[in-house]
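Asks: Following this message is one structure expressed as structure tokens.
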Amino acid sequence: MFSTITDSFKNAIGKIRFHDDEKALKKATTELRKSLLKSDVHHKVVKDLIQTVELETKKHGIGKDSFLAALQNELVRILTAEGNQGFVFASKPPTVVLMTGLQGSGKTTTTGKLAYMLKEQKKKKVLIAAGDLQRLAAVEQLRQICADIEVDLVADEDAKPEEIVTRAIQKATDELYDVVLIDTAGRLAIDEELMDELARVKNVAKPDEIFYVADAMTGMDAVRTATTFKEKIGITGVVLSKFDGDSKGGVALGIAHQVGVPLRFIGSGEKMPDLEVFIPERITNRLMGAGDIEGLAERTASVIDEKTAKRMTSKIKKGQFNFNDFLEQMEQMKKMGSMKSIMGMIPGMGNMAKQIGEMDLENSSEMKAIKSMVSSMTPKERENPDLLNNTRKRRIAAGAGLDQMQVNRVLKQFKNAAKMAKKMSTKGGMKEMQKMMGQMGGQGGGFPGMR
């Protein structure tokens, strides 16, 4: 997501090779200024950042370390706005959140993603209210999302938005829901009718939070529209949607600073789990190429049960990993979001995340072939792949619509992967893995002092 800006920082810091070299510092800041402006960072933000970084670097002695420290501190300052971070629950449930934004900004999908995050990671009971009755099929889209993520919905195409919201909040109070997310109508442009409707819904909902969903692909327009919504309706946070499609990433650098409300979440992919909490210190680490280990640990812990993890680790160490275990792990991986999003959180793997792009592991031809193959196995064969002789392989190939060579290739890959996993679980194995990943990820191992 931050590939362009991260590359800019690397190029700038590479200009500083010696201590007390003012010419090198000037080259570095000039390079940085050009790159940030090209990346859609607002010119005022760029000007402030460059001035501060130059002053702080000179103050502590020109060098890579002082330049890096100054850049890191200034980024945290720019990314921070007064207000809450992440999702903050009201002292008395339900917590009511009004989701606002222009039509096409990804507001309805983001509402679903936020509901999924609260349900899966925070283990909360969530209710969604379908308050967008302007856009055709908006309610149907929400119905589909709610069915997929198993979250309850209050919807009625024949009622007014205020009536739906009243009904939803009453239901949430009576049935002890923790959170109510209210999807609201948007327009292609801001108009009085839109703002009047939002004001009426706001009066009825009395929300604890008002989130504005901004489309990252619109660049500086996202900042302007967020500012207008803040002035006219009042917002407590911004959610940047479609951020995975914005390789520049510059809008994230200026929006909190310019709008004056915190950036709360960013949409990092198309799947429901692809919504990340925006915490300035962690995002700065990502921008600097150092990943986000804390965020990755939180996401992993929310989807992988500790007992299951221990059982799986024990099986891997004993070399007993089988096809049932493989399918179980794939189901867990689906809950973590897109591969690109996960890779971007691992230190030094930013370049590999770029190469992966929007790879959909779940729907790849390889994964479909493996699932078909496993479906054609008997329970005993799944538990013990060593039972698979030529006769069994021919039967499995026929059942899966594959030829025996394909089955042999998958079995060989599975055995090699199991061997590697067993090796990785031994002492010193993880260091070998990190070394290998560093080589695969190209020369993108973050910055000195950041690891």
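Residues in the structure tokens are named by chain (A, B, ... in the order shown) and by number from 1 within that chain; ligands are numbered from 1 in the order shown.
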Quick one: everything within 12 Å of A:Lys415, counting only C-alpha atoms, minus sequence neighbours fewer than 6 positions away in the same chain. Send it as a list in words.
Replies: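 The residues satisfying every condition are Ile316, Gly319, Gln320, Phe321, Asn322, Phe323, Phe326, Asn384, Pro385, Asp386, Asn408, Arg409, Ala421 and Lys422 of chain A.
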Asks: Enumerate, in order of chain and increasing residue number, the residues of stretch 26-137 of chain A with an atom no farther than 9 Å from stretch 265-284 of chain A, each with its shortest atom pair and distance in Å to one decimal, counting only C-alpha atoms, as JSON lines.
Replies:
```
{"residue": "A:Gln72", "atom": "CA", "partner": "A:Thr284", "partner_atom": "CA", "distance": 6.7}
{"residue": "A:Asn73", "atom": "CA", "partner": "A:Thr284", "partner_atom": "CA", "distance": 8.8}
{"residue": "A:Leu75", "atom": "CA", "partner": "A:Thr284", "partner_atom": "CA", "distance": 6.3}
{"residue": "A:Val76", "atom": "CA", "partner": "A:Pro280", "partner_atom": "CA", "distance": 5.4}
{"residue": "A:Arg77", "atom": "CA", "partner": "A:Pro280", "partner_atom": "CA", "distance": 8.1}
{"residue": "A:Ile78", "atom": "CA", "partner": "A:Pro280", "partner_atom": "CA", "distance": 8.6}
{"residue": "A:Leu79", "atom": "CA", "partner": "A:Pro280", "partner_atom": "CA", "distance": 5.4}
{"residue": "A:Thr80", "atom": "CA", "partner": "A:Pro280", "partner_atom": "CA", "distance": 6.0}
{"residue": "A:Gln85", "atom": "CA", "partner": "A:Ile279", "partner_atom": "CA", "distance": 6.5}
{"residue": "A:Gly86", "atom": "CA", "partner": "A:Val277", "partner_atom": "CA", "distance": 5.2}
{"residue": "A:Phe87", "atom": "CA", "partner": "A:Val277", "partner_atom": "CA", "distance": 8.0}
{"residue": "A:Thr109", "atom": "CA", "partner": "A:Met272", "partner_atom": "CA", "distance": 8.1}
{"residue": "A:Thr110", "atom": "CA", "partner": "A:Gly267", "partner_atom": "CA", "distance": 7.5}
{"residue": "A:Gly112", "atom": "CA", "partner": "A:Met272", "partner_atom": "CA", "distance": 7.0}
{"residue": "A:Lys113", "atom": "CA", "partner": "A:Met272", "partner_atom": "CA", "distance": 4.8}
{"residue": "A:Leu114", "atom": "CA", "partner": "A:Leu275", "partner_atom": "CA", "distance": 7.1}
{"residue": "A:Tyr116", "atom": "CA", "partner": "A:Met272", "partner_atom": "CA", "distance": 6.6}
{"residue": "A:Met117", "atom": "CA", "partner": "A:Pro273", "partner_atom": "CA", "distance": 6.6}
{"residue": "A:Glu120", "atom": "CA", "partner": "A:Pro273", "partner_atom": "CA", "distance": 8.9}
```
Asks: Taking only C-alpha atoms into account, which of A:Ala138, A:Ile235, A:Leu98, A:Leu25 comes nearest A:Val201?
Replies: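 Closest to A:Val201, using only C-alpha atoms: A:Leu98.
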Asks: Report as a ChimeraX atom specification: the residues of stretch 155-245 of chain A with a DSSP assignment of strand (DSSP E), based on the backbone of this structure.
Replies: /A:179-184,209-215,237-241
Asks: Give me, as a ChimeraX atom specification, the residues of stretch 136-281 of chain A that a backbone DSSP run labels alpha helix (DSSP H).
Replies: /A:138-149,161-174,192-205,220-232,250-259,280-281
Asks: Within 10 Å of A:Glu209, counting only C-alpha atoms, which residues show up once you throw out same-chain ones fewer than 3 positions away? Write them as a count of residues only, please.
Replies: 17
Asks: So, counting only C-alpha atoms, which residue among A:Asp48, A:Glu175, A:Glu56, A:Asp132 is closest to A:Asp152?
Replies: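 Result for the nearest residue to A:Asp152: A:Glu175.
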Asks: List the neighbours of A:Ser105 out to 8 Å using only C-alpha atoms; skip same-chain residues closer than 6 positions along the sequence, and give me the result as a list in words.
Replies: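 Contacts, with the query itself left out: Val213, Ala214, Asp215 and Ser241 of chain A.
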